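Chemist: You'll find entry-v9.tsv just under this line, and it carries TSV, C-alpha atoms and all ligand atoms.
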chain	number	residue	atom	x	y	z
A	300	MET	CA	-192.54	77.54	-20.35
A	301	LYS	CA	-188.96	76.79	-19.28
A	302	PRO	CA	-188.56	75.68	-15.66
A	303	ASN	CA	-186.01	77.30	-13.39
A	304	ILE	CA	-183.47	74.75	-12.25
A	305	PHE	CA	-182.61	74.76	-8.56
A	306	ILE	CA	-179.13	73.27	-8.22
A	307	GLU	CA	-178.19	72.35	-4.69
A	308	ILE	CA	-174.42	72.56	-4.80
A	309	THR	CA	-174.08	71.58	-1.16
A	310	THR	CA	-176.14	70.29	1.74
A	311	HIS	CA	-173.80	71.89	4.27
A	312	CYS	CA	-174.80	75.08	6.02
A	313	ASN	CA	-172.80	77.18	8.46
A	314	MET	CA	-175.97	78.22	10.30
A	315	SER	CA	-178.69	76.26	12.00
A	316	CYS	CA	-181.90	78.27	11.88
A	317	SER	CA	-184.77	76.96	13.97
A	318	PHE	CA	-187.31	77.69	11.22
A	319	CYS	CA	-185.43	75.84	8.45
A	320	PRO	CA	-185.35	72.11	7.64
A	321	SER	CA	-181.60	72.25	6.98
A	322	PRO	CA	-180.44	71.43	10.55
A	323	THR	CA	-182.52	68.22	10.59
A	324	LEU	CA	-181.85	67.15	7.02
A	325	GLU	CA	-181.99	63.36	6.66
A	326	ARG	CA	-179.71	63.31	3.61
A	327	PRO	CA	-175.90	63.12	3.88
A	328	ARG	CA	-173.95	66.38	4.10
A	329	LEU	CA	-171.98	66.69	0.90
A	330	PHE	CA	-170.71	68.96	-1.82
A	331	MET	CA	-171.87	68.43	-5.38
A	332	ASP	CA	-169.14	66.83	-7.46
A	333	ASP	CA	-167.59	69.42	-9.79
A	334	ASN	CA	-167.98	67.18	-12.85
A	335	LEU	CA	-171.65	66.68	-12.11
A	336	PHE	CA	-172.21	70.43	-11.93
A	337	TYR	CA	-170.46	71.03	-15.26
A	338	LYS	CA	-172.37	68.14	-16.84
A	339	ILE	CA	-175.68	69.67	-15.71
A	340	ILE	CA	-174.76	73.10	-17.09
A	341	ASP	CA	-173.55	71.61	-20.40
A	342	GLU	CA	-176.81	69.78	-20.82
A	343	ILE	CA	-178.92	72.77	-19.87
A	344	LYS	CA	-177.09	74.79	-22.49
A	345	LYS	CA	-177.17	72.13	-25.23
A	346	GLU	CA	-180.84	71.23	-24.76
A	347	LYS	CA	-181.94	74.81	-23.91
A	348	ILE	CA	-183.67	73.50	-20.78
A	349	THR	CA	-183.67	76.81	-18.93
A	350	ASP	CA	-182.33	80.36	-18.91
A	351	THR	CA	-182.09	80.58	-15.12
A	352	VAL	CA	-180.35	78.49	-12.50
A	353	TYR	CA	-180.77	78.96	-8.79
A	354	PHE	CA	-177.81	78.16	-6.56
A	355	HIS	CA	-180.19	77.04	-3.89
A	356	LEU	CA	-182.34	74.30	-2.47
A	357	MET	CA	-180.87	73.34	0.88
A	358	GLY	CA	-177.46	74.34	2.21
A	359	GLU	CA	-175.33	77.43	1.90
A	360	PRO	CA	-173.91	77.62	-1.65
A	361	LEU	CA	-170.94	79.83	-0.76
A	362	LEU	CA	-169.49	76.96	1.29
A	363	HIS	CA	-168.75	74.96	-1.87
A	364	PRO	CA	-164.99	75.24	-2.62
A	365	SER	CA	-165.71	75.58	-6.37
A	366	VAL	CA	-168.63	78.01	-6.08
A	367	PHE	CA	-166.90	80.82	-7.99
A	368	ASP	CA	-165.80	78.47	-10.77
A	369	PHE	CA	-169.41	77.27	-10.97
A	370	MET	CA	-170.70	80.83	-11.18
A	371	GLU	CA	-168.22	81.71	-13.89
A	372	TYR	CA	-169.08	78.59	-15.88
A	373	ALA	CA	-172.84	79.11	-15.70
A	374	PHE	CA	-172.39	82.80	-16.52
A	375	ASN	CA	-170.16	82.08	-19.50
A	376	ASN	CA	-172.80	79.66	-20.73
A	377	GLY	CA	-175.30	82.49	-20.87
A	378	LEU	CA	-177.33	81.51	-17.81
A	379	LYS	CA	-178.83	83.91	-15.31
A	380	ILE	CA	-177.75	82.97	-11.80
A	381	ILE	CA	-179.91	83.48	-8.78
A	382	LEU	CA	-177.89	83.08	-5.61
A	383	VAL	CA	-179.77	82.53	-2.37
A	384	SER	CA	-177.27	82.87	0.43
A	385	ASN	CA	-176.81	83.95	4.01
A	386	ILE	CA	-173.50	85.47	2.70
A	387	SER	CA	-171.90	85.26	6.16
A	388	PHE	CA	-169.14	83.04	4.79
A	389	ILE	CA	-167.78	86.06	2.92
A	390	HIS	CA	-166.93	87.50	6.32
A	391	THR	CA	-165.39	84.32	7.73
A	392	ARG	CA	-163.30	83.57	4.66
A	393	LYS	CA	-162.74	87.14	3.47
A	394	MET	CA	-164.19	86.13	0.11
A	395	GLU	CA	-164.17	88.36	-2.87
A	396	ILE	CA	-167.54	90.10	-3.05
A	397	LYS	CA	-166.82	91.38	-6.55
A	398	ALA	CA	-166.88	87.88	-8.04
A	399	ILE	CA	-170.47	87.44	-6.85
A	400	LEU	CA	-171.50	90.82	-8.19
A	401	GLN	CA	-169.94	90.05	-11.54
A	402	TYR	CA	-171.70	86.76	-12.25
A	403	VAL	CA	-174.96	86.83	-10.34
A	404	THR	CA	-178.16	88.36	-11.73
A	405	TYR	CA	-180.11	88.30	-8.49
A	406	LEU	CA	-178.74	87.93	-4.98
A	407	SER	CA	-181.23	87.02	-2.29
A	408	ILE	CA	-179.62	87.62	1.09
A	409	SER	CA	-181.22	85.54	3.82
A	410	LEU	CA	-180.84	87.99	6.68
A	411	GLN	CA	-184.00	86.55	8.31
A	412	SER	CA	-183.31	88.21	11.68
A	413	PHE	CA	-184.06	91.80	12.67
A	414	ASN	CA	-181.96	92.41	15.80
A	415	GLU	CA	-179.25	90.81	17.93
A	416	GLU	CA	-181.72	88.77	19.91
A	417	SER	CA	-183.42	87.29	16.87
A	418	PHE	CA	-180.03	86.64	15.28
A	419	LYS	CA	-179.54	83.95	17.93
A	420	GLU	CA	-182.14	81.86	16.04
A	421	LYS	CA	-179.44	81.33	13.42
A	422	LYS	CA	-177.15	79.74	16.01
A	423	THR	CA	-173.83	80.96	14.75
A	424	LYS	CA	-170.96	82.37	16.76
A	425	LYS	CA	-168.72	83.16	13.82
A	426	ILE	CA	-170.29	86.53	13.13
A	427	SER	CA	-172.28	88.98	15.25
A	428	PHE	CA	-175.48	90.68	14.12
A	429	ASN	CA	-173.69	94.01	13.71
A	430	GLU	CA	-170.92	92.45	11.64
A	431	TYR	CA	-173.57	90.74	9.57
A	432	ILE	CA	-175.40	93.99	8.85
A	433	ASP	CA	-172.07	95.67	8.00
A	434	LEU	CA	-171.33	92.87	5.58
A	435	ILE	CA	-174.68	93.34	3.82
A	436	LYS	CA	-174.00	97.07	3.57
A	437	ASP	CA	-170.54	96.32	2.19
A	438	VAL	CA	-172.05	94.10	-0.54
A	439	ILE	CA	-174.52	96.84	-1.51
A	440	GLU	CA	-171.85	99.53	-1.52
A	441	THR	CA	-169.50	97.34	-3.59
A	442	LYS	CA	-172.30	96.81	-6.09
A	443	TYR	CA	-172.57	100.54	-6.75
A	444	ALA	CA	-168.83	101.18	-6.53
A	445	ASN	CA	-168.34	98.60	-9.29
A	446	ASN	CA	-171.38	99.53	-11.32
A	447	SER	CA	-172.73	96.00	-10.98
A	448	LYS	CA	-176.23	95.36	-12.36
A	449	VAL	CA	-177.02	92.67	-9.80
A	450	ARG	CA	-180.39	92.97	-8.08
A	451	ILE	CA	-180.15	92.51	-4.33
A	452	ASN	CA	-182.97	91.62	-2.00
A	453	ILE	CA	-182.54	91.39	1.75
A	454	GLN	CA	-185.05	88.96	3.13
A	455	ILE	CA	-186.37	88.82	6.67
A	456	ILE	CA	-188.62	86.09	7.93
A	457	GLN	CA	-191.76	87.14	9.78
A	458	ASN	CA	-193.87	85.29	12.28
A	459	SER	CA	-197.12	83.88	10.95
A	460	LYS	CA	-199.99	81.86	12.33
A	461	VAL	CA	-198.31	78.58	11.46
A	462	LYS	CA	-196.57	76.66	14.17
A	463	PHE	CA	-193.60	74.78	12.85
A	464	LYS	CA	-191.59	72.05	14.53
A	465	ASN	CA	-189.23	73.62	17.07
A	466	TYR	CA	-191.78	76.40	17.52
A	467	LYS	CA	-191.51	77.83	20.98
A	468	LYS	CA	-193.27	80.67	22.71
A	469	ASP	CA	-190.20	82.87	22.87
A	470	ILE	CA	-189.32	82.39	19.22
A	471	ARG	CA	-187.65	85.54	17.97
A	472	LEU	CA	-189.05	86.20	14.53
A	473	LEU	CA	-190.19	89.58	13.27
A	474	SER	CA	-193.63	90.00	14.80
A	475	ASN	CA	-194.70	93.62	14.80
A	476	ASN	CA	-194.32	96.99	13.12
A	477	LEU	CA	-192.20	98.43	15.94
A	478	GLU	CA	-189.53	95.79	15.43
A	479	LEU	CA	-189.49	96.54	11.72
A	480	ARG	CA	-189.27	100.27	12.36
A	481	LEU	CA	-186.34	99.78	14.74
A	482	LEU	CA	-184.53	97.63	12.20
A	483	MET	CA	-184.95	100.28	9.54
A	484	ASP	CA	-184.11	103.21	11.85
A	485	LEU	CA	-181.11	101.65	13.52
A	486	TYR	CA	-179.50	99.83	10.65
A	487	PHE	CA	-180.71	100.78	7.20
A	488	THR	CA	-182.36	104.17	6.64
A	489	ASN	CA	-179.24	106.32	7.04
A	490	PHE	CA	-177.18	103.86	5.10
A	491	PHE	CA	-179.60	103.88	2.15
A	492	LYS	CA	-179.62	107.70	2.19
A	493	ALA	CA	-175.81	107.83	2.25
A	494	ILE	CA	-175.51	105.38	-0.65
A	495	ALA	CA	-178.06	107.36	-2.65
A	496	ASN	CA	-176.07	110.56	-2.06
A	497	LYS	CA	-172.70	109.02	-2.75
A	498	TYR	CA	-173.72	107.34	-5.99
A	499	GLN	CA	-176.34	109.90	-7.04
A	500	LEU	CA	-179.23	107.45	-7.07
A	501	ASP	CA	-182.92	108.30	-7.12
A	502	TYR	CA	-183.88	107.62	-3.56
A	503	GLU	CA	-187.31	106.64	-2.28
A	504	PRO	CA	-187.64	107.22	1.51
A	505	VAL	CA	-189.64	104.55	3.29
A	506	LYS	CA	-193.23	105.72	3.71
A	507	GLU	CA	-194.92	105.52	7.07
A	508	GLN	CA	-197.75	103.34	5.77
A	509	LYS	CA	-195.22	100.97	4.25
A	510	LEU	CA	-193.76	100.13	7.64
A	511	ASN	CA	-196.10	97.23	8.04
A	512	TYR	CA	-194.16	94.12	8.96
A	513	LYS	CA	-196.65	91.90	7.14
A	514	ASN	CA	-195.25	91.47	3.66
A	515	PHE	CA	-193.12	94.58	3.81
A	516	HIS	CA	-191.44	95.35	0.53
A	517	TYR	CA	-189.34	98.47	0.21
A	518	GLN	CA	-187.07	99.51	-2.62
A	519	PRO	CA	-184.96	102.53	-1.60
A	520	PHE	CA	-183.38	102.72	-5.04
A	521	ASP	CA	-183.04	100.71	-8.21
A	522	ASN	CA	-182.12	97.08	-7.80
A	523	VAL	CA	-181.97	97.01	-4.02
A	524	SER	CA	-184.89	95.96	-1.86
A	525	ILE	CA	-185.69	94.70	1.58
A	526	SER	CA	-188.70	92.49	2.19
A	527	THR	CA	-190.36	90.17	4.65
A	528	ARG	CA	-192.01	86.82	4.15
A	529	ASP	CA	-193.98	84.41	6.29
A	530	VAL	CA	-192.28	81.54	8.05
A	531	THR	CA	-193.70	78.32	6.61
A	532	THR	CA	-194.12	74.67	7.48
A	533	TRP	CA	-192.44	73.59	4.24
A	534	GLY	CA	-195.45	71.86	2.77
A	535	ASN	CA	-196.61	70.65	6.21
A	536	THR	CA	-193.43	68.63	6.73
A	537	MET	CA	-192.35	70.94	9.53
A	538	ASN	CA	-195.81	71.35	10.94
A	539	GLU	CA	-195.87	71.21	14.73
A	540	SER	CA	-198.90	68.96	14.41
A	541	ASN	CA	-198.26	65.59	12.81
A	542	LYS	CA	-201.93	65.24	11.96
A	543	VAL	CA	-202.18	66.48	8.40
A	544	ILE	CA	-205.27	65.63	6.38
A	545	PRO	CA	-203.94	64.75	2.91
A	546	ALA	CA	-205.26	66.77	-0.02
A	547	ILE	CA	-207.49	65.08	-2.57
A	548	ILE	CA	-206.86	67.56	-5.35
A	549	GLY	CA	-204.37	70.37	-5.93
A	550	LYS	CA	-202.43	72.19	-8.60
A	551	CYS	CA	-198.71	72.86	-8.44
A	552	ASP	CA	-196.19	74.69	-10.59
A	553	ALA	CA	-193.46	72.12	-9.93
A	554	LEU	CA	-191.91	70.64	-13.10
A	555	HIS	CA	-193.64	73.44	-15.04
A	556	LYS	CA	-191.78	76.34	-13.46
A	557	GLN	CA	-189.15	74.63	-11.31
A	558	ILE	CA	-187.08	71.47	-11.01
A	559	GLY	CA	-184.66	70.66	-8.21
A	560	ILE	CA	-181.37	68.82	-8.51
A	561	LEU	CA	-180.01	67.65	-5.18
A	562	ALA	CA	-176.29	67.61	-4.38
A	563	ASN	CA	-176.03	63.88	-5.22
A	564	GLY	CA	-177.71	64.38	-8.62
A	565	ASP	CA	-181.20	63.24	-7.64
A	566	VAL	CA	-183.89	65.13	-9.54
A	567	VAL	CA	-186.88	66.27	-7.47
A	568	PRO	CA	-189.91	68.34	-8.49
A	569	CYS	CA	-189.51	71.27	-6.12
A	570	CYS	CA	-187.46	72.92	-3.40
A	571	LEU	CA	-189.96	71.77	-0.77
A	572	ASP	CA	-188.84	68.20	-1.35
A	573	TYR	CA	-185.72	68.81	0.70
A	574	ASN	CA	-185.26	65.20	1.82
A	575	GLY	CA	-185.65	63.78	-1.67
A	576	SER	CA	-188.97	61.98	-1.16
A	577	ILE	CA	-190.00	62.23	-4.83
A	578	VAL	CA	-186.86	61.28	-6.72
A	579	LEU	CA	-187.54	61.17	-10.46
A	580	GLY	CA	-184.09	59.95	-11.48
A	581	ASN	CA	-180.44	60.73	-10.93
A	582	CYS	CA	-178.59	62.85	-13.45
A	583	GLN	CA	-175.10	61.56	-12.58
A	584	ASN	CA	-175.24	58.95	-15.31
A	585	VAL	CA	-178.56	59.62	-17.02
A	586	PRO	CA	-179.16	62.74	-19.13
A	587	LEU	CA	-181.48	65.26	-17.49
A	588	THR	CA	-183.64	65.28	-20.63
A	589	GLU	CA	-184.14	61.51	-20.36
A	590	ILE	CA	-185.45	61.99	-16.81
A	591	MET	CA	-187.66	64.86	-17.97
A	592	ASN	CA	-189.13	62.70	-20.73
A	593	SER	CA	-189.75	59.67	-18.51
A	594	ASN	CA	-193.32	58.44	-17.93
A	595	GLN	CA	-193.07	59.06	-14.18
A	596	TYR	CA	-191.98	62.67	-14.69
A	597	GLN	CA	-194.56	63.42	-17.36
A	598	ARG	CA	-197.40	61.82	-15.38
A	599	LEU	CA	-196.58	63.90	-12.30
A	600	LYS	CA	-196.25	67.07	-14.37
A	601	GLU	CA	-199.54	66.52	-16.21
A	602	GLY	CA	-201.20	65.74	-12.86
A	603	PHE	CA	-200.02	69.06	-11.39
A	604	LYS	CA	-201.68	70.82	-14.33
A	605	LYS	CA	-204.97	68.97	-13.98
A	606	GLY	CA	-205.15	69.24	-10.20
A	607	ARG	CA	-204.24	65.59	-9.59
A	608	LEU	CA	-201.68	64.80	-6.91
A	609	TYR	CA	-200.21	61.33	-7.27
A	610	HIS	CA	-197.54	61.34	-4.61
A	611	PRO	CA	-198.31	61.12	-0.85
A	612	TYR	CA	-195.71	63.83	-0.21
A	613	CYS	CA	-197.66	66.19	-2.50
A	614	LYS	CA	-200.96	65.24	-0.85
A	615	LYS	CA	-199.45	66.16	2.50
A	616	CYS	CA	-198.00	69.38	1.06
A	617	LYS	CA	-201.38	70.60	-0.21
A	618	GLY	CA	-203.30	69.20	2.78
A	619	GLY	CA	-204.18	70.84	6.10
A	620	THR	CA	-204.26	70.22	9.82
A	621	ASN	CA	-207.99	70.88	10.08
A	622	LEU	CA	-210.87	70.82	7.61
A	623	ILE	CA	-210.84	74.57	7.11
A	624	ASN	CA	-207.18	74.96	6.16
A	625	TRP	CA	-207.35	71.63	4.28
A	626	PHE	CA	-210.10	73.08	2.10
A	627	PHE	CA	-208.45	76.47	1.59
A	628	SER	CA	-205.02	75.01	0.87
A	629	GLN	CA	-206.43	73.00	-2.05
A	630	ALA	CA	-208.60	75.84	-3.31
A	631	TYR	CA	-205.67	78.27	-3.09
A	632	SER	CA	-203.47	75.90	-5.11
A	633	PHE	CA	-205.93	76.19	-8.00
A	634	TYR	CA	-206.03	79.97	-7.73
A	635	LYS	CA	-202.26	80.38	-7.37
A	636	ASN	CA	-201.46	78.07	-10.26
A	637	ARG	CA	-204.27	79.12	-12.59
A	638	ASP	CA	-201.73	79.85	-15.33
A	639	ILE	CA	-200.41	76.28	-15.42
B	1	LIG	S1	-182.30	79.38	6.58
B	1	LIG	FE1	-180.43	79.43	5.33
B	1	LIG	S2	-178.84	79.90	6.81
B	1	LIG	FE2	-180.54	79.16	8.00
B	1	LIG	S3	-180.17	76.95	8.25
B	1	LIG	FE3	-181.50	77.25	6.46
B	1	LIG	S4	-180.10	77.26	4.74
B	1	LIG	FE4	-178.87	77.66	6.58
B	2	LIG	S1	-197.26	69.58	-4.33
B	2	LIG	FE1	-195.48	68.25	-4.46
B	2	LIG	S2	-194.24	69.08	-6.08
B	2	LIG	FE2	-195.70	70.67	-5.50
B	2	LIG	S3	-194.62	71.96	-3.99
B	2	LIG	FE3	-195.74	70.38	-2.87
B	2	LIG	S4	-194.28	68.70	-2.59
B	2	LIG	FE4	-193.49	70.04	-4.21
Written as structure tokens, that's how I'd like the structure from this file.

Modeler:
Amino acid sequence: MKPNIFIEITTHCNMSCSFCPSPTLERPRLFMDDNLFYKIIDEIKKEKITDTVYFHLMGEPLLHPSVFDFMEYAFNNGLKIILVSNISFIHTRKMEIKAILQYVTYLSISLQSFNEESFKEKKTKKISFNEYIDLIKDVIETKYANNSKVRINIQIIQNSKVKFKNYKKDIRLLSNNLELRLLMDLYFTNFFKAIANKYQLDYEPVKEQKLNYKNFHYQPFDNVSISTRDVTTWGNTMNESNKVIPAIIGKCDALHKQIGILANGDVVPCCLDYNGSIVLGNCQNVPLTEIMNSNQYQRLKEGFKKGRLYHPYCKKCKGGTNLINWFFSQAYSFYKNRDI
């Protein structure tokens, strides 16, 4: 099983969403050094470490001045690129959408909001909600106009039972079916129909019973979808309550299915370790394979398979704020990762 590599090419973000750890990141804001990026890709290619790189962990990848060179390089080295982006920078900088559609296999657009009011949670003044929606439509239209094979998902965050830090009563996250229906009716349904007509695509109208905001997933036509997902506490690190009972046991797919490389080259097991609490080595001067073969790395990886959590950060991640969710969180980790 080859792990996906999450490469954080920058810690900067042009938005400041209340439900994301990015605004309160404890690490320095920086851009990954170009040479480090190329070194990582060269090694991935030479050692056949993975087939897929994510341009994602924290930060907004399109802010990196060399992002298109990075995409081209990874693409030319035969890697699939998954770009997770709020894409708003395309609007501010009038970036070339076609370059993204040429190199990227899967584009996950972090729309997250569902109307003007909820868009305020992203705390940006550089683009309005309507301009943002138009930009997303423009990306989709450009995909079909240029016959690009990229898969595009538009992701919206939905309210869930968890209360994260910064949670407030008037938090504007998608919370009911009516809000979802309005989003679809006002902004997307006619657009999807028009695109289907213009480019002669098989079109699937959204079904009434599908308009359920909880885990909505709708694919109007091939390779374009819109979906919702629960807001999380990022492994209890953003839990409103500081009282987390640490897990005793737990399985995890980190190091088996994913590895993170932070912008300074630190290697971490997963994208939930956004502050670099479990640094397994730094790949600036040490080969990535040497880090992956180290005792510390292998012990952690083997532990995740056997249900043993060695690091306090992992015990917190799989723990709970009361005995019931503590129990279910651990049990669910075994169920979810039964294939590890
Ligand atoms: S959710 Fe995305 S856009 Fe918002 S602060 Fe986090 S990284 Fe930036
Ligand atoms: S258990 Fe540890 S490695 Fe796994 S997701 Fe949580 S913090 Fe990451």

Chemist: Closest to ligand LIG 2 (chain B) among A:Thr309, A:Thr531, A:Ser593, A:Ser576, using all atoms listed in the file?

Modeler: A:Ser576

Chemist: For chain A against ligand LIG 2 (chain B), with a cut-off of 6 Å and counting all atoms listed in the file, what is the closest atom pair and its distance in Å to one decimal for every residue that makes the cut, ordered by chain and number, as CSV?

Modeler:
residue,atom,partner,partner_atom,distance
A:Gly534,CA,B:LIG2,FE3,5.8
A:Cys551,CA,B:LIG2,FE2,4.7
A:Ala553,CA,B:LIG2,S2,5.0
A:Pro568,CA,B:LIG2,S2,5.0
A:Cys569,CA,B:LIG2,FE4,4.6
A:Leu571,CA,B:LIG2,FE4,5.2
A:Asp572,CA,B:LIG2,S4,5.6
A:Tyr612,CA,B:LIG2,S4,5.6
A:Cys613,CA,B:LIG2,FE1,3.6
A:Cys616,CA,B:LIG2,FE3,4.6
A:Lys617,CA,B:LIG2,S1,5.9

Chemist: Hey, which residues come within 8 Å of ligand LIG 1 (chain B) if we count only C-alpha atoms and all ligand atoms? Could you give them as a list of chain:residue names?

Modeler: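 The neighbouring residues of ligand LIG 1 (chain B) are, in order, A:Cys312, A:Asn313, A:Met314, A:Ser315, A:Cys316, A:Ser317, A:Phe318, A:Cys319, A:Pro320, A:Ser321, A:Pro322, A:Met357, A:Gly358, A:Glu359, A:Ser384, A:Asn385, A:Ser409, A:Gln411, A:Lys421.
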
Chemist: Any chance you could export the current selection's C-alpha atoms as a compact mmCIF listing (two decimals), in the frame of the given file?

Modeler:
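Output saved as part-v1.txt:
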# COMPACT_ATOMS: atom_id res chain seq x y z
CA CYS A 312 -174.80 75.08 6.02
CA ASN A 313 -172.80 77.18 8.46
CA MET A 314 -175.97 78.22 10.30
CA SER A 315 -178.69 76.26 12.00
CA CYS A 316 -181.90 78.27 11.88
CA SER A 317 -184.77 76.96 13.97
CA PHE A 318 -187.31 77.69 11.22
CA CYS A 319 -185.43 75.84 8.45
CA PRO A 320 -185.35 72.11 7.64
CA SER A 321 -181.60 72.25 6.98
CA PRO A 322 -180.44 71.43 10.55
CA MET A 357 -180.87 73.34 0.88
CA GLY A 358 -177.46 74.34 2.21
CA GLU A 359 -175.33 77.43 1.90
CA SER A 384 -177.27 82.87 0.43
CA ASN A 385 -176.81 83.95 4.01
CA SER A 409 -181.22 85.54 3.82
CA GLN A 411 -184.00 86.55 8.31
CA LYS A 421 -179.44 81.33 13.42

Chemist: Which residues, written as a list of chain:residue names, have at least one atom at most 12 Å from A:Val585, with all atoms listed in the file counted and residues fewer than 2 positions away on the same chain left out?

Modeler: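 Using all atoms listed in the file, the neighbours found are A:Leu335, A:Lys338, A:Ile339, A:Glu342, A:Gly564, A:Asp565, A:Val566, A:Leu579, A:Gly580, A:Asn581, A:Cys582, A:Gln583, A:Leu587, A:Thr588, A:Glu589, A:Ile590, A:Met591, A:Asn592, A:Ser593.
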
Chemist: With only C-alpha atoms as the counted atoms, please give the residues lying no more than 10 Å from A:Arg326, apart from itself and same-chain residues fewer than 3 positions off, as a PyMOL selection string.

Modeler: chain A and resi 310+321+323+329+561-563+573-575

Chemist: Around (-196.8, 66.4, -16.4), as given in the file, which residues come within 12 Å? Count only C-alpha atoms and list them as a list in words.

Modeler: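 Counting only C-alpha atoms, I find these residues within 12 Å of (-196.8, 66.4, -16.4): Lys550, Cys551, Asp552, Ala553, Leu554, His555, Lys556, Pro568, Met591, Asn592, Ser593, Asn594, Gln595, Tyr596, Gln597, Arg598, Leu599, Lys600, Glu601, Gly602, Phe603, Lys604, Lys605, Gly606, Arg607, Leu608, Tyr609 and Ile639 of chain A.
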
Chemist: Pick from A:Thr536, A:Asn522, A:Asn496, A:Ser412: nearest to A:Gln454, with all atoms listed in the file counted?

Modeler: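 Ranking A:Thr536, A:Asn522, A:Asn496, A:Ser412 by distance to A:Gln454, first place goes to A:Ser412.
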
Chemist: Would you work out the distance separating atom CA of A:Ile439 from atom CA of A:Ile381, expressed in Å to one decimal?

Modeler: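 The value is 16.1 Å.
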
Chemist: What's the separation between atom CA of A:His363 and atom CA of A:Phe388, in Å to one decimal place?

Modeler: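 So the answer is 10.5 Å.
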